[in-house]
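For reference, the structure is listed below as structure tokens.
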Amino acid sequence: MARLRPAASLVEGLLRRSMGRRLDLAPQTRAPRRRMNPFYATLKTSVFSTMSALAAEHGAINLGQGFPDGAGPEDVRARAAEAVLHGNNQYPPSPGLPELRQAVAAHYGRFQGLELDWKTQVIVTSGATEALAAATLALISPGDEAVILEPAYDSYGPQVLRAGGVPRFIRLEPPNWTITREALEAVTTPRTRIVMFNNPLNPAARVYTTQEMAVLADWCVRHGVVAVCDEVWEHIVFDGRRPVSMMSLPGMAGSTVKIGSAGKIFSLTGWKVGFICAAPELAAVIQKAHQFLTFATAPNLQAAVAYGLDKDDAYFEQMRSGFARSRDRLTAGLKSEGFAVLPSEGTYFLNVDLAASGLNLDDETFCLRAVKEAGVAAIPVSAFYAEDPVRTVVRLCFAKNDDTLDAAVERLGKARKLA
Ligand code: PMP
Ligand code: GLN
């Protein structure tokens with residue numbers, strides 16, 4: 001159920017407490033001697049960094065932080081290399097290279113039926129993370145409220161707070177992680193400005209139904225709320241699903257900030273090339289925030305992404321079916337070791353339900369044992385909640401080759417016996 005929190009300071013406390021309790025690395029937890037911004041001085045290290053560091057320290061297989069172990073499409077990488085050697089290496093225009101903005105508009109026209117004017121509606125950012133920050137800074141004034149559906153990607157809460165906003169959390173629960181009209185209405189106030197909507201949902205690996213999206217769209221339209229739609233996983237959807245953008249729903253063209261990431265579309269997570277698509281009046285203000293966050297993004301990578309977005313449908317189909325096969329392999333392996341696996345409809349992730357697997361321990365305890373004693377890093381889903389976390393679910397990344405997945409299954413079987 002939704003919880004109301006009266007004061008931002010209370011929410012800050014909750015966020016600080018929730019972000020990495022036992023998973024925190026020692027150096028970051030020491031109180032700083034100098035007077036520095038207290039929010040950042042006390043903010044915990046991201047669970048992704050923490051688990052990747054533990055994986056490296058213990059020589060574990062890293063199914064924690066979400067990145068594929070493949071090299072990424074060679075033709076796209078070759079384009080980037082070519083652009084580094086022979087293309088533009090000076091500042092590109094702040095909103096992005098025209099060729100990439102045109103390619104983004106064409107891509108979303110092709111796959112999602114959107115009609116976007118590349119000059120006024122598309123901004124290139126340094127990853128979706130920067131896009132989320134720019135959108136939040138541009139849309140929130142101090143005291144404004146932002147609805148965050150939890151489990152939520154870890155940057156949403158801190159970004160809202162640093163913009164002076166007050167998060168209003170809605171708690172989604174396994175196994176269905178559903179949004180209801182009642183939960184939305186319960187957190188709505190006259191100060192509600194935005195909702196952070198991540199679809200497909202990391203870490204739950206859910207793709208929302210069109211009915212749920214319609215409920216959210218209707219709520220946005222009735223209350224004048226802008227949906228900041230984190231659609232970075234839009235192409236990684238399985239079992240015949242197709243990427244649907246919130247922006248294509250009735251009434252939402254002017255009330256959606258759509259965020260995408262080339263890192264996910266091309267399995268090149270280190271590239272940090274993101275896109276924002278929004279109505280011109282929203283995009284113009286978000287561009288002002290972007291100009292003083294990073295100003296611009298590496299032009300050679302932008303050129304390669306522009307090329308990649310134009311790839312034929314077969315590329316996207318094959319990418320999806322490759323990940324679906326890995327999902328099925330990890331699911332089958334885990335089931336054979338006695339784990340209860342929740343459905344994965346999209347993303348690089350699947351979730352194990354510890355309680356339903358007969359394991360009577362919390363997600364952090366399981367993850368710490370798994371990485372230290374069994375040699376597999378995973379992510380405790382409680383890290384995606386600022387309050388009242390679900391503590392019985394563990395996220396695993398299946399975007400790995402077969403040998404890695406098989407070895408991880410064997411080790412997780414051992415971790416299960418340790419528990
Ligand atoms: N949002 C979500 C839901 C994500 O899962 C990620 C990273 N996987 C991001 C944003 C950040 O994307 P980027 O690496 O392009 O900044
Ligand atoms: N999005 C990635 C994940 O969910 C992590 C990104 C990061 O490390 N900041 O695993």
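Starting from 1 in every chain, residues are counted up; chains themselves are A, B, ... following the order of the structure tokens, and ligands are numbered from 1 as listed.
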Picked from range 46-248 of chain A by DSSP as alpha helix (DSSP H), as an MDAnalysis selection string: chainID A and resid 47:58 74:86 98:112 118:121 127:139 156:162 181:187 210:223
Selection as a count of residues only: residues within 10 Å of ligand 1 by only C-alpha atoms and all ligand atoms: 47
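In this model, the gap between CA of Glu373 in chain A and CA of Asp403 in chain A comes to 20.0 Å.
Minimum atom-to-atom distance to ligand 2, evaluated using only C-alpha atoms and all ligand atoms, belongs to A:Ser49 out of A:Asn37, A:Asn401, A:Ser49, A:Ser255.
If you count only C-alpha atoms and ignore residues fewer than 4 places along the chain from range 319-331 of chain A, what sits within 8 Å of it is His235, Ile236, Val237, Phe238, Asp239, Tyr315, Lys335, Val341, Ser344, Tyr348, Phe349, Leu350, Phe398, Ala399, Lys400, Asn401, Asp402, Leu405, Asp406 and Val409 of chain A.
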Can I get the selected residues back with N, CA, C and O atoms, as an mmCIF file, in the first residue's frame?
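Output file result21.cif follows:
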data_model
loop_
_atom_site.group_PDB
_atom_site.id
_atom_site.type_symbol
_atom_site.label_atom_id
_atom_site.label_comp_id
_atom_site.auth_asym_id
_atom_site.auth_seq_id
_atom_site.Cartn_x
_atom_site.Cartn_y
_atom_site.Cartn_z
ATOM 1 N N HIS A 235 13.369 -2.586 -25.650
ATOM 2 C CA HIS A 235 13.582 -3.626 -26.668
ATOM 3 C C HIS A 235 13.806 -5.002 -26.066
ATOM 4 O O HIS A 235 13.809 -5.998 -26.793
ATOM 5 N N ILE A 236 14.064 -5.063 -24.746
ATOM 6 C CA ILE A 236 14.383 -6.370 -24.148
ATOM 7 C C ILE A 236 13.101 -6.923 -23.525
ATOM 8 O O ILE A 236 12.937 -6.942 -22.291
ATOM 9 N N VAL A 237 12.181 -7.336 -24.390
ATOM 10 C CA VAL A 237 10.897 -7.888 -23.940
ATOM 11 C C VAL A 237 10.694 -9.233 -24.633
ATOM 12 O O VAL A 237 11.105 -9.402 -25.776
ATOM 13 N N PHE A 238 10.092 -10.169 -23.916
ATOM 14 C CA PHE A 238 10.090 -11.565 -24.380
ATOM 15 C C PHE A 238 8.693 -12.098 -24.703
ATOM 16 O O PHE A 238 7.695 -11.465 -24.402
ATOM 17 N N ASP A 239 8.711 -13.307 -25.279
ATOM 18 C CA ASP A 239 7.492 -14.083 -25.503
ATOM 19 C C ASP A 239 6.485 -13.320 -26.374
ATOM 20 O O ASP A 239 5.284 -13.267 -26.077
ATOM 21 N N TYR A 315 17.842 -7.615 -36.380
ATOM 22 C CA TYR A 315 18.794 -7.415 -35.281
ATOM 23 C C TYR A 315 18.060 -7.435 -33.946
ATOM 24 O O TYR A 315 18.482 -8.100 -32.988
ATOM 25 N N LYS A 335 15.591 -23.869 -11.236
ATOM 26 C CA LYS A 335 14.472 -24.727 -10.796
ATOM 27 C C LYS A 335 14.983 -26.112 -10.436
ATOM 28 O O LYS A 335 14.545 -26.713 -9.459
ATOM 29 N N VAL A 341 11.429 -19.538 -9.155
ATOM 30 C CA VAL A 341 11.810 -18.431 -10.034
ATOM 31 C C VAL A 341 10.555 -17.668 -10.452
ATOM 32 O O VAL A 341 9.588 -18.281 -10.929
ATOM 33 N N SER A 344 10.005 -13.763 -15.818
ATOM 34 C CA SER A 344 10.733 -12.611 -16.347
ATOM 35 C C SER A 344 10.166 -12.295 -17.725
ATOM 36 O O SER A 344 10.322 -13.063 -18.658
ATOM 37 N N TYR A 348 17.273 -7.765 -18.430
ATOM 38 C CA TYR A 348 18.306 -8.815 -18.388
ATOM 39 C C TYR A 348 18.143 -9.691 -17.154
ATOM 40 O O TYR A 348 19.063 -10.436 -16.814
ATOM 41 N N PHE A 349 17.033 -9.545 -16.409
ATOM 42 C CA PHE A 349 16.992 -10.102 -15.074
ATOM 43 C C PHE A 349 15.870 -11.103 -14.847
ATOM 44 O O PHE A 349 14.810 -11.022 -15.477
ATOM 45 N N LEU A 350 16.118 -12.007 -13.921
ATOM 46 C CA LEU A 350 15.037 -12.811 -13.353
ATOM 47 C C LEU A 350 15.201 -12.760 -11.839
ATOM 48 O O LEU A 350 16.264 -12.400 -11.319
ATOM 49 N N PHE A 398 20.841 -12.607 -16.348
ATOM 50 C CA PHE A 398 21.081 -13.801 -17.186
ATOM 51 C C PHE A 398 21.751 -13.457 -18.516
ATOM 52 O O PHE A 398 21.903 -14.340 -19.373
ATOM 53 N N ALA A 399 22.185 -12.198 -18.696
ATOM 54 C CA ALA A 399 22.770 -11.799 -19.979
ATOM 55 C C ALA A 399 24.230 -12.261 -20.059
ATOM 56 O O ALA A 399 25.152 -11.449 -20.211
ATOM 57 N N LYS A 400 24.424 -13.557 -19.926
ATOM 58 C CA LYS A 400 25.775 -14.142 -19.868
ATOM 59 C C LYS A 400 25.815 -15.373 -20.774
ATOM 60 O O LYS A 400 24.763 -15.923 -21.128
ATOM 61 N N ASN A 401 27.045 -15.837 -21.056
ATOM 62 C CA ASN A 401 27.112 -17.020 -21.904
ATOM 63 C C ASN A 401 26.716 -18.282 -21.121
ATOM 64 O O ASN A 401 26.655 -18.260 -19.879
ATOM 65 N N ASP A 402 26.460 -19.347 -21.857
ATOM 66 C CA ASP A 402 25.898 -20.561 -21.247
ATOM 67 C C ASP A 402 26.790 -21.116 -20.144
ATOM 68 O O ASP A 402 26.308 -21.534 -19.085
ATOM 69 N N LEU A 405 26.416 -19.175 -16.983
ATOM 70 C CA LEU A 405 25.124 -19.427 -16.325
ATOM 71 C C LEU A 405 25.131 -20.804 -15.655
ATOM 72 O O LEU A 405 24.669 -20.950 -14.511
ATOM 73 N N ASP A 406 25.685 -21.793 -16.340
ATOM 74 C CA ASP A 406 25.694 -23.152 -15.770
ATOM 75 C C ASP A 406 26.543 -23.213 -14.504
ATOM 76 O O ASP A 406 26.149 -23.824 -13.507
ATOM 77 N N VAL A 409 24.674 -21.572 -11.675
ATOM 78 C CA VAL A 409 23.599 -22.419 -11.141
ATOM 79 C C VAL A 409 24.168 -23.416 -10.129
ATOM 80 O O VAL A 409 23.637 -23.591 -9.027
#
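Considering only C-alpha atoms and all ligand atoms, the residue among A:Ala71, A:Ala204, A:Ala303, A:Leu359 positioned nearest to ligand 2 is A:Ala204.
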Distance query Ala183 in chain A at most 12 Å, only C-alpha atoms, self and fewer than 3 positions along chain excluded, as a PyMOL selection string: chain A and resi 1-4+147-150+168-172+178-180+186-188+215-216+219
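The residue that comes closest to ligand 2, out of A:Ser267, A:Thr42, A:Gln211, A:Gln112 and on the basis of only C-alpha atoms and all ligand atoms, is A:Ser267.
Comparing A:Ala340, A:Arg34, A:Cys277, A:Thr404 by their smallest distance to Gly70 in chain A, the closest is A:Thr404 (using only C-alpha atoms).
In this model, the gap between CA of Val381 in chain A and CA of Ala419 in chain A comes to 17.8 Å.
Residues in contact range of Thr136 in chain A, defined as at most 8 Å between only C-alpha atoms, with sequence neighbours fewer than 4 positions away removed, read Leu132, Ile140, Gln159, Val160 and Ala163 of chain A.
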Restricted to N, CA and C atoms, what would the selected residues look like written as a CSV table (one decimal), in the first residue's frame?
chain,number,residue,atom,x,y,z
A,132,LEU,N,17.5,11.1,-16.7
A,132,LEU,CA,16.6,11.1,-15.5
A,132,LEU,C,16.9,12.3,-14.6
A,140,ILE,N,10.8,19.5,-11.3
A,140,ILE,CA,10.5,19.6,-9.9
A,140,ILE,C,11.0,20.9,-9.3
A,159,GLN,N,17.6,11.7,-6.8
A,159,GLN,CA,17.5,12.8,-7.7
A,159,GLN,C,16.3,13.7,-7.3
A,160,VAL,N,15.2,13.1,-7.0
A,160,VAL,CA,14.0,13.8,-6.6
A,160,VAL,C,14.4,14.7,-5.4
A,163,ALA,N,16.5,17.6,-6.1
A,163,ALA,CA,15.8,18.7,-6.8
A,163,ALA,C,14.9,19.4,-5.8
DSSP-assigned strand (DSSP E) among range 16-192 of chain A, expressed as a list in words: Ile61, Asn62, Val122, Ile123, Val124, Thr125, Glu145, Ala146, Val147, Ile148, Leu149, Glu150, Val166, Pro167, Arg168, Phe169, Ile170, Arg171 and Thr192 of chain A
